[in-house]
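So the structure is just underneath, and the comments pick up after that.
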Amino acid sequence: MPTSENIRVPIVCFVGTSKSGKTTTIEGLLKVMNELSVGTVKFIHHERMDLEPEGKDTRRHREAGAAFTLALAPSETALLISREKRDDLSILEHVMLLGDKLIPRPQLIISEGPRSPPPGIPVILTAKDENELVELKGGLPGNNPILAIMGVIANSKISSWNGIPVILNDEKGLSRLKKLILSHFKM
């Protein structure tokens, strides 16, 4: 199970329902964190990612049974790994071991998901309404600090929920979220 300690990079997870504002918030946060090296993880809930067009060589390699395919282009690298379990962050430990020549070492990792992150990893909840917040909070292991609430619910004009700040996804709000995250990790 990954923690900030054993991969030595702080991780914050965005946990929310579909269309609640996770991706939009992460996009904005990345823009205000432009002075930091930030890596992202995206949990995809479909059985297979369709990153490789039908008939292309990388897809043909994987369909023929390759354990992994490393796709190298002049300015991008993609590592595609077939694996059974995908609903946790444990693979990060192994990815970070690939080293700076393949994976630039980030100062922070932002993960979009999973719904139930490993214990102790801080989360930002995104939701459309308070019912979703109750459901999301109930699905957390219990000792995940909730740093903030963002997303669609922030448009409802509530400033906090159960003592957790609800932050608008605007420049001021994203700067506030950045400060909360950096403060949490003492960065």
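Here's how to read the names in the structure tokens: chain A, B, ... by the order shown, residue numbers from 1 in each chain, ligand numbers from 1 in the order shown.
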Which of stretch 5-184 of chain A DSSP labels strand (DSSP E or B), written as a ChimeraX atom specification: /A:11-16,38-42,68-72,77-81,108-112,123-126,146-150,160-161,164-166
Test item: residues at most 8 Å from A:Leu36, only C-alpha atoms, excluding those fewer than 5 positions along its chain, as a PyMOL selection string: chain A and resi 106-108
With only C-alpha atoms as the counted atoms, please give the residues lying no more than 12 Å from A:Lys31, apart from itself and same-chain residues fewer than 4 positions off, as a PDB file with N, CA and C atoms, in the first residue's frame.
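Output file around07.pdb is given in full below:
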ATOM      1  N   THR A  24     -11.968  19.029 -13.928  1.00  0.00           N
ATOM      2  CA  THR A  24     -11.915  20.488 -14.091  1.00  0.00           C
ATOM      3  C   THR A  24     -11.119  21.120 -12.966  1.00  0.00           C
ATOM      4  N   THR A  25     -11.327  20.657 -11.740  1.00  0.00           N
ATOM      5  CA  THR A  25     -10.594  21.196 -10.599  1.00  0.00           C
ATOM      6  C   THR A  25      -9.106  20.872 -10.712  1.00  0.00           C
ATOM      7  N   ILE A  26      -8.794  19.643 -11.084  1.00  0.00           N
ATOM      8  CA  ILE A  26      -7.385  19.250 -11.222  1.00  0.00           C
ATOM      9  C   ILE A  26      -6.711  20.080 -12.314  1.00  0.00           C
ATOM     10  N   GLU A  27      -7.386  20.296 -13.435  1.00  0.00           N
ATOM     11  CA  GLU A  27      -6.824  21.131 -14.510  1.00  0.00           C
ATOM     12  C   GLU A  27      -6.469  22.520 -13.991  1.00  0.00           C
ATOM     13  N   GLU A  35       4.731  26.240 -10.828  1.00  0.00           N
ATOM     14  CA  GLU A  35       6.139  26.310 -10.404  1.00  0.00           C
ATOM     15  C   GLU A  35       6.617  24.994  -9.792  1.00  0.00           C
ATOM     16  N   LEU A  36       5.700  24.059  -9.581  1.00  0.00           N
ATOM     17  CA  LEU A  36       6.033  22.748  -9.031  1.00  0.00           C
ATOM     18  C   LEU A  36       6.011  21.695 -10.125  1.00  0.00           C
ATOM     19  N   SER A  37       6.758  20.633  -9.916  1.00  0.00           N
ATOM     20  CA  SER A  37       6.678  19.466 -10.786  1.00  0.00           C
ATOM     21  C   SER A  37       5.588  18.563 -10.202  1.00  0.00           C
ATOM     22  N   VAL A  38       4.488  18.415 -10.919  1.00  0.00           N
ATOM     23  CA  VAL A  38       3.344  17.657 -10.421  1.00  0.00           C
ATOM     24  C   VAL A  38       3.040  16.512 -11.386  1.00  0.00           C
ATOM     25  N   ASP A 170     -12.445  28.849  -8.928  1.00  0.00           N
ATOM     26  CA  ASP A 170     -12.027  30.045  -9.649  1.00  0.00           C
ATOM     27  C   ASP A 170     -10.577  30.320  -9.242  1.00  0.00           C
ATOM     28  N   GLU A 171      -9.995  31.372  -9.779  1.00  0.00           N
ATOM     29  CA  GLU A 171      -8.577  31.640  -9.510  1.00  0.00           C
ATOM     30  C   GLU A 171      -8.293  31.779  -8.016  1.00  0.00           C
ATOM     31  N   LEU A 174      -8.757  28.258  -6.354  1.00  0.00           N
ATOM     32  CA  LEU A 174      -7.675  27.336  -6.691  1.00  0.00           C
ATOM     33  C   LEU A 174      -6.384  27.712  -5.968  1.00  0.00           C
ATOM     34  N   SER A 175      -6.131  29.014  -5.816  1.00  0.00           N
ATOM     35  CA  SER A 175      -4.964  29.455  -5.042  1.00  0.00           C
ATOM     36  C   SER A 175      -5.117  29.048  -3.579  1.00  0.00           C
ATOM     37  N   LYS A 178      -4.450  25.327  -3.380  1.00  0.00           N
ATOM     38  CA  LYS A 178      -3.000  25.116  -3.480  1.00  0.00           C
ATOM     39  C   LYS A 178      -2.346  25.334  -2.119  1.00  0.00           C
TER      40      LYS A 178
END
Using only C-alpha atoms, which residues sit within 6 Å of stretch 39-44 of chain A once same-chain residues fewer than 2 positions away are excluded, as a compact mmCIF listing (two decimals) with N, CA and C atoms, in the first residue's frame?
# COMPACT_ATOMS: atom_id res chain seq x y z
N HIS A 46 -13.36 1.93 -16.82
CA HIS A 46 -13.71 1.03 -17.92
C HIS A 46 -12.74 -0.14 -17.89
N PRO A 106 8.29 13.89 -9.50
CA PRO A 106 7.46 15.05 -9.17
C PRO A 106 7.65 15.47 -7.71
N ILE A 109 2.04 14.38 -6.26
CA ILE A 109 1.22 13.57 -7.15
C ILE A 109 -0.24 13.85 -6.83
N ILE A 110 -1.01 14.18 -7.87
CA ILE A 110 -2.45 14.38 -7.75
C ILE A 110 -3.12 13.19 -8.41
N SER A 111 -3.97 12.51 -7.66
CA SER A 111 -4.66 11.33 -8.19
C SER A 111 -6.15 11.61 -8.31
N GLU A 112 -6.69 11.36 -9.49
CA GLU A 112 -8.13 11.44 -9.70
C GLU A 112 -8.69 10.04 -9.41
N GLY A 113 -9.07 9.82 -8.17
CA GLY A 113 -9.46 8.52 -7.67
C GLY A 113 -8.31 7.92 -6.90
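Coordinates place atom CA of A:Ser116 at a distance of 17.5 Å from atom CA of A:Gly21.
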Residues within 7 Å of A:Met150, only C-alpha atoms, excluding chain neighbours under 3 positions, as a PyMOL selection string: chain A and resi 125-126+153-154+166-169
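The shortest atom-to-atom distance to A:Leu147, with only C-alpha atoms taken into account, belongs to A:His184 out of A:His184, A:Asn131, A:Pro114, A:Pro119.
Take atom CA of A:Lys22 and atom CA of A:Arg115: the distance between them is 11.7 Å.
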Interatomic distance (Å, one decimal) between atom CA of A:Pro145 and atom CA of A:Val12: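 Spanning atom CA of A:Pro145 to atom CA of A:Val12 is a straight-line distance of 9.8 Å.
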Counting only C-alpha atoms, the option among A:Thr69, A:Thr77, A:Thr17, A:Ser183 closest to A:Val134: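 When distances to A:Val134 are compared using only C-alpha atoms, the smallest one comes from A:Thr17.
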Pick from A:Ile124, A:Ala64, A:Leu136, A:Leu182, whichever lies nearest to A:Ile149 using only C-alpha atoms: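 Checking each of A:Ile124, A:Ala64, A:Leu136, A:Leu182 against A:Ile149, counting only C-alpha atoms, the winner is A:Ile124.
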